[in-house]
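Working notes, structure below.
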Amino acid sequence: MNSITFYHFCVVFTQVLCYQPVEKRLLLTDPDVIMNELTRLQLRISQQDAKIAVLENTVDSGSTYTIWGRKACPSTATTLYSGYAAGGNSGHAGSAAESLCLPPDPEFNRTKITAGASHAIIYGAEYYSRNFFSPNGEDVPCSVCHSKSSAVLMIPGRNSCYHGWKPEYYGYLASGHYADAGASSYICIDINPENLNGGEKDVGGRNFFPVIVQCQPLQCPPYHQNYPLTCVVCSK
């Protein structure tokens, strides 16, 4: 049939468009009708794309990392807070391995625990191996950073990033002393470390030492005996 007389005629694209009763003959192949419906469809798609773009821009994507030894984050990131490097005592066999960046504005629910109850302890962190990170073993600041990049990676033994990644900061790899009883983890201390005021006194706690290479079984070259290892934090 080339034409049709109708009272209710519905065309389905992304929704049903219903026409009220009319007394006319409409060609199903009428190009004007087809173009009008295509225009309506394109407009609807454009509006939906605009809404999606707005929603995507409002989603807070990205990733976080800690910069050790600095009171603020690099210009590539936003500083969530600046605080104090801390962790278990290097001489305690039961201390936690990881280091923490404690915030400057702590909140507490309790002021004490039950007398005699078992507990863990957290200490502030100090630079060790004097004249490497600092001249007098000062206390260590840290900052928690938010990067717009979706991935952040610390690469030990490098001071530059691989292709496709950009540097957030670089410096020297650090951990606890190899002979200490307490466990420790590797962190990356900024190449230009800062100190916390009034932290020159050695009171023990979490200690950060530079990490040096020990050949055999580590391959030398490319590594070299007793060289301090660098590190870089990269994002993508």
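Numbering starts fresh at 1 for the residues of each chain in the structure tokens, the chains themselves are lettered A, B, ... in the order given, and ligands are numbered from 1 as they appear.
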Practice item. Extract, using only C-alpha atoms, all DNA, RNA and protein residues at most 8 Å from A:Cys215, discarding same-chain residues fewer than 4 positions from it, and format them as a list in words. Key: Gln219, Cys220, Tyr223, His224 and Gln225 of chain A
Prev. selection, N, CA, C and O atoms, output as a PDB file, in the first residue's frame:
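Heads up, here's the output in out-v3.pdb:
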ATOM      1  N   GLN A 219      71.237  -8.702  41.004  1.00  0.00           N
ATOM      2  CA  GLN A 219      72.102  -8.625  39.825  1.00  0.00           C
ATOM      3  C   GLN A 219      72.890  -7.309  39.787  1.00  0.00           C
ATOM      4  O   GLN A 219      72.322  -6.220  39.797  1.00  0.00           O
ATOM      5  N   CYS A 220      74.214  -7.421  39.734  1.00  0.00           N
ATOM      6  CA  CYS A 220      75.112  -6.268  39.648  1.00  0.00           C
ATOM      7  C   CYS A 220      76.137  -6.521  38.546  1.00  0.00           C
ATOM      8  O   CYS A 220      76.974  -7.430  38.711  1.00  0.00           O
ATOM      9  N   TYR A 223      72.600  -3.165  38.948  1.00  0.00           N
ATOM     10  CA  TYR A 223      72.717  -2.509  40.254  1.00  0.00           C
ATOM     11  C   TYR A 223      74.175  -2.481  40.697  1.00  0.00           C
ATOM     12  O   TYR A 223      75.023  -3.163  40.123  1.00  0.00           O
ATOM     13  N   HIS A 224      74.466  -1.676  41.737  1.00  0.00           N
ATOM     14  CA  HIS A 224      75.843  -1.501  42.185  1.00  0.00           C
ATOM     15  C   HIS A 224      75.899  -1.595  43.706  1.00  0.00           C
ATOM     16  O   HIS A 224      75.063  -1.009  44.404  1.00  0.00           O
ATOM     17  N   GLN A 225      76.871  -2.312  44.205  1.00  0.00           N
ATOM     18  CA  GLN A 225      77.026  -2.544  45.632  1.00  0.00           C
ATOM     19  C   GLN A 225      77.052  -1.235  46.424  1.00  0.00           C
ATOM     20  O   GLN A 225      77.783  -0.299  46.099  1.00  0.00           O
TER      21      GLN A 225
END
**Study point:** Neighbour list for stretch 182-185 of chain A as a PyMOL selection string, cut-off 7 Å, only C-alpha atoms, skip fewer than 4 positions in-chain
**Key:** chain A and resi 89-98+175-176
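The spacing separating atom CA of A:Leu173 from atom CA of A:Cys188 amounts to 4.7 Å.
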Practice item. Could you check how far atom CA of A:Asn159 sits from atom CA of A:Gly205, in Å to one decimal? Key: 28.4 Å
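Proximity ranking of A:Lys71, A:Lys166, A:Arg110, A:His146 relative to A:Asn195 places A:Lys71 first, based on only C-alpha atoms.
Of the residues under consideration (A:Ser160, A:Ser129, A:Asn192, A:Ser235), A:Ser129 shows the shortest atom-to-atom contact distance to A:Ile212 when counting only C-alpha atoms.
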Revision key, fill the gap. Shortest contact to A:Pro74, candidates A:Arg206, A:Cys142, A:His163, A:Cys231, atoms counted only C-alpha atoms, goes to A:Cys142
Practice item. Any chance you could list, as a list in words, the residues in stretch 121-187 of chain A that come up strand (DSSP E) when DSSP is run on the backbone? Key: Tyr123, Gly124, Ala125, Glu126, Tyr127, Pro141, Cys142, Ser143, Val144, Cys145, His146, Ser147, Val152, Leu153, Met154, Ile155, Pro156, Lys166, Pro167, Glu168, Tyr169, Tyr170, Gly171, Tyr172, Leu173, Ala174, Ser175 and Ile187 of chain A
Writing out the chosen residues with N, CA, C and O atoms as a short mmCIF file (atom, residue, chain, number, x, y, z; two decimals), in the first residue's frame:
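Everything below was put into again_18.cif:
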data_model
loop_
_atom_site.label_atom_id
_atom_site.label_comp_id
_atom_site.auth_asym_id
_atom_site.auth_seq_id
_atom_site.Cartn_x
_atom_site.Cartn_y
_atom_site.Cartn_z
N TYR A 123 54.23 5.35 67.25
CA TYR A 123 55.25 6.35 67.55
C TYR A 123 55.41 7.27 66.34
O TYR A 123 55.07 6.92 65.21
N GLY A 124 55.98 8.43 66.61
CA GLY A 124 56.38 9.29 65.51
C GLY A 124 57.60 8.72 64.80
O GLY A 124 58.29 7.83 65.31
N ALA A 125 57.87 9.24 63.61
CA ALA A 125 58.99 8.74 62.80
C ALA A 125 60.12 9.76 62.74
O ALA A 125 59.88 10.97 62.76
N GLU A 126 61.34 9.26 62.67
CA GLU A 126 62.53 10.10 62.60
C GLU A 126 63.40 9.67 61.42
O GLU A 126 63.45 8.49 61.07
N TYR A 127 64.08 10.67 60.84
CA TYR A 127 65.12 10.34 59.86
C TYR A 127 66.31 9.75 60.59
O TYR A 127 66.73 10.25 61.64
N PRO A 141 57.73 14.83 58.48
CA PRO A 141 56.37 15.21 58.07
C PRO A 141 55.90 14.35 56.91
O PRO A 141 56.68 13.59 56.32
N CYS A 142 54.64 14.46 56.57
CA CYS A 142 54.08 13.74 55.42
C CYS A 142 52.81 14.46 54.98
O CYS A 142 52.23 15.24 55.74
N SER A 143 52.38 14.18 53.78
CA SER A 143 51.14 14.75 53.25
C SER A 143 50.41 13.71 52.43
O SER A 143 51.03 12.93 51.71
N VAL A 144 49.09 13.69 52.57
CA VAL A 144 48.26 12.80 51.76
C VAL A 144 47.70 13.60 50.60
O VAL A 144 47.10 14.67 50.79
N CYS A 145 47.91 13.09 49.40
CA CYS A 145 47.63 13.85 48.18
C CYS A 145 46.55 13.18 47.33
O CYS A 145 46.45 11.95 47.30
N HIS A 146 45.79 14.00 46.64
CA HIS A 146 44.80 13.50 45.68
C HIS A 146 45.21 13.93 44.28
O HIS A 146 45.39 15.11 43.99
N SER A 147 45.39 12.94 43.42
CA SER A 147 45.75 13.19 42.02
C SER A 147 44.55 12.92 41.13
O SER A 147 43.76 12.02 41.39
N VAL A 152 48.28 5.43 40.50
CA VAL A 152 49.53 5.94 41.06
C VAL A 152 50.41 4.75 41.42
O VAL A 152 49.93 3.77 42.00
N LEU A 153 51.69 4.85 41.11
CA LEU A 153 52.60 3.74 41.32
C LEU A 153 53.94 4.26 41.83
O LEU A 153 54.49 5.22 41.31
N MET A 154 54.49 3.60 42.89
CA MET A 154 55.83 3.90 43.35
C MET A 154 56.79 2.90 42.71
O MET A 154 56.61 1.69 42.83
N ILE A 155 57.80 3.41 42.02
CA ILE A 155 58.79 2.55 41.36
C ILE A 155 60.11 2.67 42.10
O ILE A 155 60.73 3.73 42.11
N PRO A 156 60.58 1.60 42.75
CA PRO A 156 61.88 1.64 43.42
C PRO A 156 63.02 1.52 42.41
O PRO A 156 62.90 0.84 41.39
N LYS A 166 53.57 10.04 34.35
CA LYS A 166 54.16 11.33 34.73
C LYS A 166 54.56 11.30 36.19
O LYS A 166 53.93 10.65 37.02
N PRO A 167 55.65 12.00 36.56
CA PRO A 167 56.12 11.97 37.95
C PRO A 167 55.28 12.85 38.87
O PRO A 167 54.91 13.97 38.50
N GLU A 168 54.98 12.33 40.05
CA GLU A 168 54.38 13.13 41.12
C GLU A 168 55.51 13.68 42.01
O GLU A 168 55.51 14.84 42.35
N TYR A 169 56.44 12.82 42.38
CA TYR A 169 57.65 13.25 43.07
C TYR A 169 58.67 12.12 43.02
O TYR A 169 58.32 10.98 42.69
N TYR A 170 59.93 12.42 43.34
CA TYR A 170 60.94 11.37 43.37
C TYR A 170 61.87 11.63 44.56
O TYR A 170 61.84 12.71 45.17
N GLY A 171 62.66 10.63 44.91
CA GLY A 171 63.55 10.78 46.05
C GLY A 171 64.34 9.52 46.30
O GLY A 171 64.83 8.89 45.36
N TYR A 172 64.44 9.13 47.59
CA TYR A 172 65.21 7.96 47.97
C TYR A 172 64.33 6.95 48.71
O TYR A 172 63.47 7.32 49.51
N LEU A 173 64.57 5.69 48.43
CA LEU A 173 63.86 4.62 49.10
C LEU A 173 64.33 4.53 50.55
O LEU A 173 65.51 4.69 50.84
N ALA A 174 63.39 4.28 51.46
CA ALA A 174 63.72 4.19 52.88
C ALA A 174 62.93 3.06 53.53
O ALA A 174 61.87 2.65 53.04
N SER A 175 63.47 2.55 54.64
CA SER A 175 62.78 1.53 55.44
C SER A 175 63.43 1.51 56.81
O SER A 175 64.32 2.31 57.10
N ILE A 187 59.21 2.91 51.81
CA ILE A 187 58.51 4.14 51.42
C ILE A 187 59.45 4.98 50.58
O ILE A 187 60.67 4.74 50.54
#
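Taking only stretch 26-169 of chain A, the residues that DSSP calls alpha helix (DSSP H) from the backbone come to Pro31, Asp32, Val33, Ile34, Met35, Asn36, Glu37, Leu38, Thr39, Arg40, Leu41, Gln42, Leu43, Arg44, Ile45, Ser46, Gln47, Gln48, Asp49, Ala50, Lys51, Ile52, Ala53, Val54, Leu55, Glu56, Asn57 and Thr58 of chain A.
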Practice item. Could you tell me how far atom CA of A:Ala77 lies from atom CA of A:Ile189, in Å and to one decimal? Key: 16.7 Å
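When only C-alpha atoms are used to compute distances to A:Asp190, the closest of the residues A:Ser149, A:Ser118, A:Thr39, A:Ser134 turns out to be A:Ser134.
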